Amino acid sequence: MLFGTMESWLIWNLTGGPDGGLHLTDVTNASRTMLMNISTLDWDEELLEFFGVPRPMLPEIRSSAETYGVARSVLPGVRITAALGDQQAALFGQTCFAPGEAKCTYGTGSFLLLNTGTDLVRSRHGLLTTVAYKIEDQPAVYALEGPIAVTGALVQWFRDRLGLISTAPEIETLARAVEDNGGCYIVPAFSGLYAPHWRSDARGVIVGLTSYITKEHLARAVLEATGWQTREVVDAMNADSSLALKVLKVDGGMTSDNLLMQFLADVLDVPVVRPMAVETVSLGAAYAAGLAVGYWPDLEVLRRNWHRAAQWLPDMDPSGGSRSTRTGSGRSSGRSAGSGHRTRPDGSSPGSAATLSGRPGTASRRPCSVRRRSVPRRPYGGCDGTHEIASLSAGVQGQTP
């Protein structure tokens with residue numbers, strides 16, 4: 001009986017299976033089993049004893065890029081030279097090779113990884129410390145990871161459960177019909193909260209509902225929920241590491257939503273960039289394999305192979321108001337089309353948390369006014385009430401069937 005992850009099964013079968021197949025894994029996949037010591041990069045005897053896993057059944061741990069063996073079936077004679085976990089492969093495919101470089105993959109859930117170099121940073125703010133990659137006999141590179149449970153899945157819920165849109169892309173059109181969320185916020189803790197809270201008992205909440213709120217406001221709140229969750233993870237990373245985020249590279253299906261990408265740039269106050277190659281996981285594995293066989297000589301060559309498809313620049317001044325309003329200059333030509341960020345007549349900027357004040361006696365007006373505040377830079381804990389909203393969500397005890 002042998003135990004391993006998917007790539008172990010593939011390598012074993014490709015190299016012969018029962019007829020002398022190689023039982024191998026790499027450091028990134030081994031780290032996901034909770035059985036590897038990420039400092040020594042070897043199976044941890046204490047953990048093996050605790051979980052009752054015999055060491056002989058485990059694969060040999062190797063680097064992420066080296067020649068493991070030669071295929072004997074399916075592709076006879078082809079060298080097998082790389083193995084990476086999916087999120088680590090996306091980090092590699094985004095060429096985040098330097099400490100401080102980060103990527104976030106936006107799918108049904110989202111995964112943000114920050115390269116911390118050869119330093120193993122142990123998180124004190126609710127993140128995961130993981131192995132990013134290891135090239136042959138070079139030192140291992142580590143990363144901080146912040147998984148977010150529900151991002152694209154919230155759009156699916158908006159479409160399939162509420163029936164307010166018929167296709168996922170329609171949510172951007174709906175959200176653009178209003179200038180802000182009307183004071184409505186959503187915490188999509190459908191099955192708990194992941195990083196940085198780790199509360200399995202949390203349940204989703206919608207706050208700020210008034211008679212003024214329409215499906216357009218809800219659509220905008222759905223998209224903004226992804227932005228605020230990303231902001232919490234980035235704040236935690238900045239608190240854990242001296243490597244402040246300067247640029248966020250993004251990939252995944254949600255990156256086609258220009259409004260969401262612009263909102264991310266605003267609340268993070270850093271440029272958000274999307275590459276030409278959308279399949280960064282496959283690309284990362286191919287990059288690692290090419291390095292191992294010498295097709296690419298080094299990481300710098302791979303970095304030059306990365307090309308930008310779109311960029312969104314921050315359009316919100318941390319000290320108050322939008323940059324374009326305060327300076328009188330237009331938005332950067334580097335931003336993709338259709339990602340404009342609007343401001344109110346008074347120069348204040350949408351996108352941050354809201355303060356609600358009633359307007360009684362004015363039937364022709366909306367039930368409340370929404371005064372936006374600038375996005376503050378905090379070391380950790382959300383911004384302008386979003387952390388408190390998340391804490392409220394964590395305090396709601398879910399009644400599971």
# chains A, B, ... in the order shown; residues from 1 in each chain; ligands from 1
>>> select_by_dssp(residues="region 188-307 of chain A", states="helix (DSSP H, G or I)", output="VMD selection string")
chain A and resid 215 to 240 253 to 256 258 to 268 280 to 293 299 to 304
>>> residues_around(residues="Gly100 (chain A)", least_positions_apart="3", cutoff="8 Å", atoms="only C-alpha atoms", output="JSON, numbers by chain")
{"A": [114, 115, 116, 243, 244, 245, 246]}
>>> select_by_dssp(residues="region 14-261 of chain A", states="strand (DSSP E or B)", output="count of residues only")
62
>>> closest_residue(among="A:Arg231, A:His125, A:Arg32, A:Arg220", to="Gly4 (chain A)", atoms="only C-alpha atoms")
A:Arg32
>>> atom_distance(atom1="CA of Thr255 (chain A)", atom2="CA of Ser123 (chain A)")
27.6 Å
>>> closest_residue(among="A:Ile213, A:Cys96, A:Cys184, A:Ala309", to="Val247 (chain A)", atoms="only C-alpha atoms")
A:Cys96
>>> closest_atom_pairs(of="region 204-277 of chain A", to="region 165-179 of chain A", cutoff="7 Å", atoms="only C-alpha atoms", output="tab-separated table")
residue	atom	partner	partner_atom	distance
A:Glu216	CA	A:Ala175	CA	5.1
A:His217	CA	A:Ala175	CA	6.5
A:Ala219	CA	A:Ala175	CA	5.0
A:Arg220	CA	A:Ala175	CA	4.5
A:Asp257	CA	A:Glu172	CA	6.4
A:Leu259	CA	A:Glu172	CA	6.5
>>> residues_around(residues="Glu45 (chain A)", least_positions_apart="3", cutoff="9 Å", atoms="only C-alpha atoms", output="list in words")
Leu35, Met36, Asn37, Leu48, Glu49, Phe50 and Arg55 of chain A
>>> residues_around(residues="Met1 (chain A)", least_positions_apart="5", cutoff="12 Å", atoms="only C-alpha atoms", output="MDAnalysis selection string")
chainID A and resid 18 23 53:59
>>> closest_residue(among="A:Ala195, A:Val131, A:Ala265, A:Ile206", to="Glu232 (chain A)", atoms="only C-alpha atoms")
A:Ala195
>>> atom_distance(atom1="CA of Arg79 (chain A)", atom2="CA of Thr67 (chain A)")
6.6 Å
>>> closest_atom_pairs(of="region 23-123 of chain A", to="region 287-294 of chain A", cutoff="9 Å", atoms="only C-alpha atoms", output="Markdown table")
| residue | atom | partner | partner_atom | distance |
| --- | --- | --- | --- | --- |
| A:Ser64 | CA | A:Ala288 | CA | 7.2 |
| A:Ala65 | CA | A:Ala292 | CA | 5.3 |
| A:Glu66 | CA | A:Ala292 | CA | 4.9 |
| A:Thr67 | CA | A:Ala292 | CA | 6.6 |
| A:Arg79 | CA | A:Val293 | CA | 8.7 |
| A:Ile80 | CA | A:Ala289 | CA | 7.7 |
| A:Thr81 | CA | A:Ala289 | CA | 5.0 |
| A:Ala82 | CA | A:Ala289 | CA | 4.7 |
| A:Ala83 | CA | A:Ala288 | CA | 7.9 |
| A:Leu84 | CA | A:Ala288 | CA | 8.4 |
| A:Ala89 | CA | A:Ala288 | CA | 8.6 |
| A:Phe92 | CA | A:Tyr287 | CA | 7.6 |
| A:Gly93 | CA | A:Tyr287 | CA | 6.9 |
>>> residues_around(residues="Thr95 (chain A)", least_positions_apart="6", cutoff="9 Å", atoms="only C-alpha atoms", output="PyMOL selection string")
chain A and resi 101+284+299-300+302-303+305-306
>>> write_last_selection(atoms="C-alpha atoms", output="PDB file, in the first residue's frame")
ATOM      1  CA  GLU A 101       5.699  39.720  -5.120  1.00  0.00           C
ATOM      2  CA  GLY A 284       3.894  27.549 -13.960  1.00  0.00           C
ATOM      3  CA  LEU A 299      14.231  32.791 -13.707  1.00  0.00           C
ATOM      4  CA  GLU A 300      15.001  36.168 -15.299  1.00  0.00           C
ATOM      5  CA  LEU A 302      10.933  33.543 -17.498  1.00  0.00           C
ATOM      6  CA  ARG A 303      10.213  36.953 -16.012  1.00  0.00           C
ATOM      7  CA  ASN A 305       8.360  36.113 -20.893  1.00  0.00           C
ATOM      8  CA  TRP A 306       5.534  37.521 -18.709  1.00  0.00           C
TER       9      TRP A 306
END
>>> residues_around(residues="Gly253 (chain A)", least_positions_apart="6", cutoff="9 Å", atoms="only C-alpha atoms", output="PyMOL selection string")
chain A and resi 105-108+152+278
>>> closest_residue(among="A:Ser211, A:Gln138, A:Ser73, A:Thr33", to="Asn13 (chain A)", atoms="only C-alpha atoms")
A:Ser73
>>> closest_residue(among="A:Pro76, A:Gly52, A:Pro99, A:Pro139", to="Val27 (chain A)", atoms="only C-alpha atoms")
A:Pro139
>>> atom_distance(atom1="CA of Leu154 (chain A)", atom2="CA of Val222 (chain A)")
6.7 Å
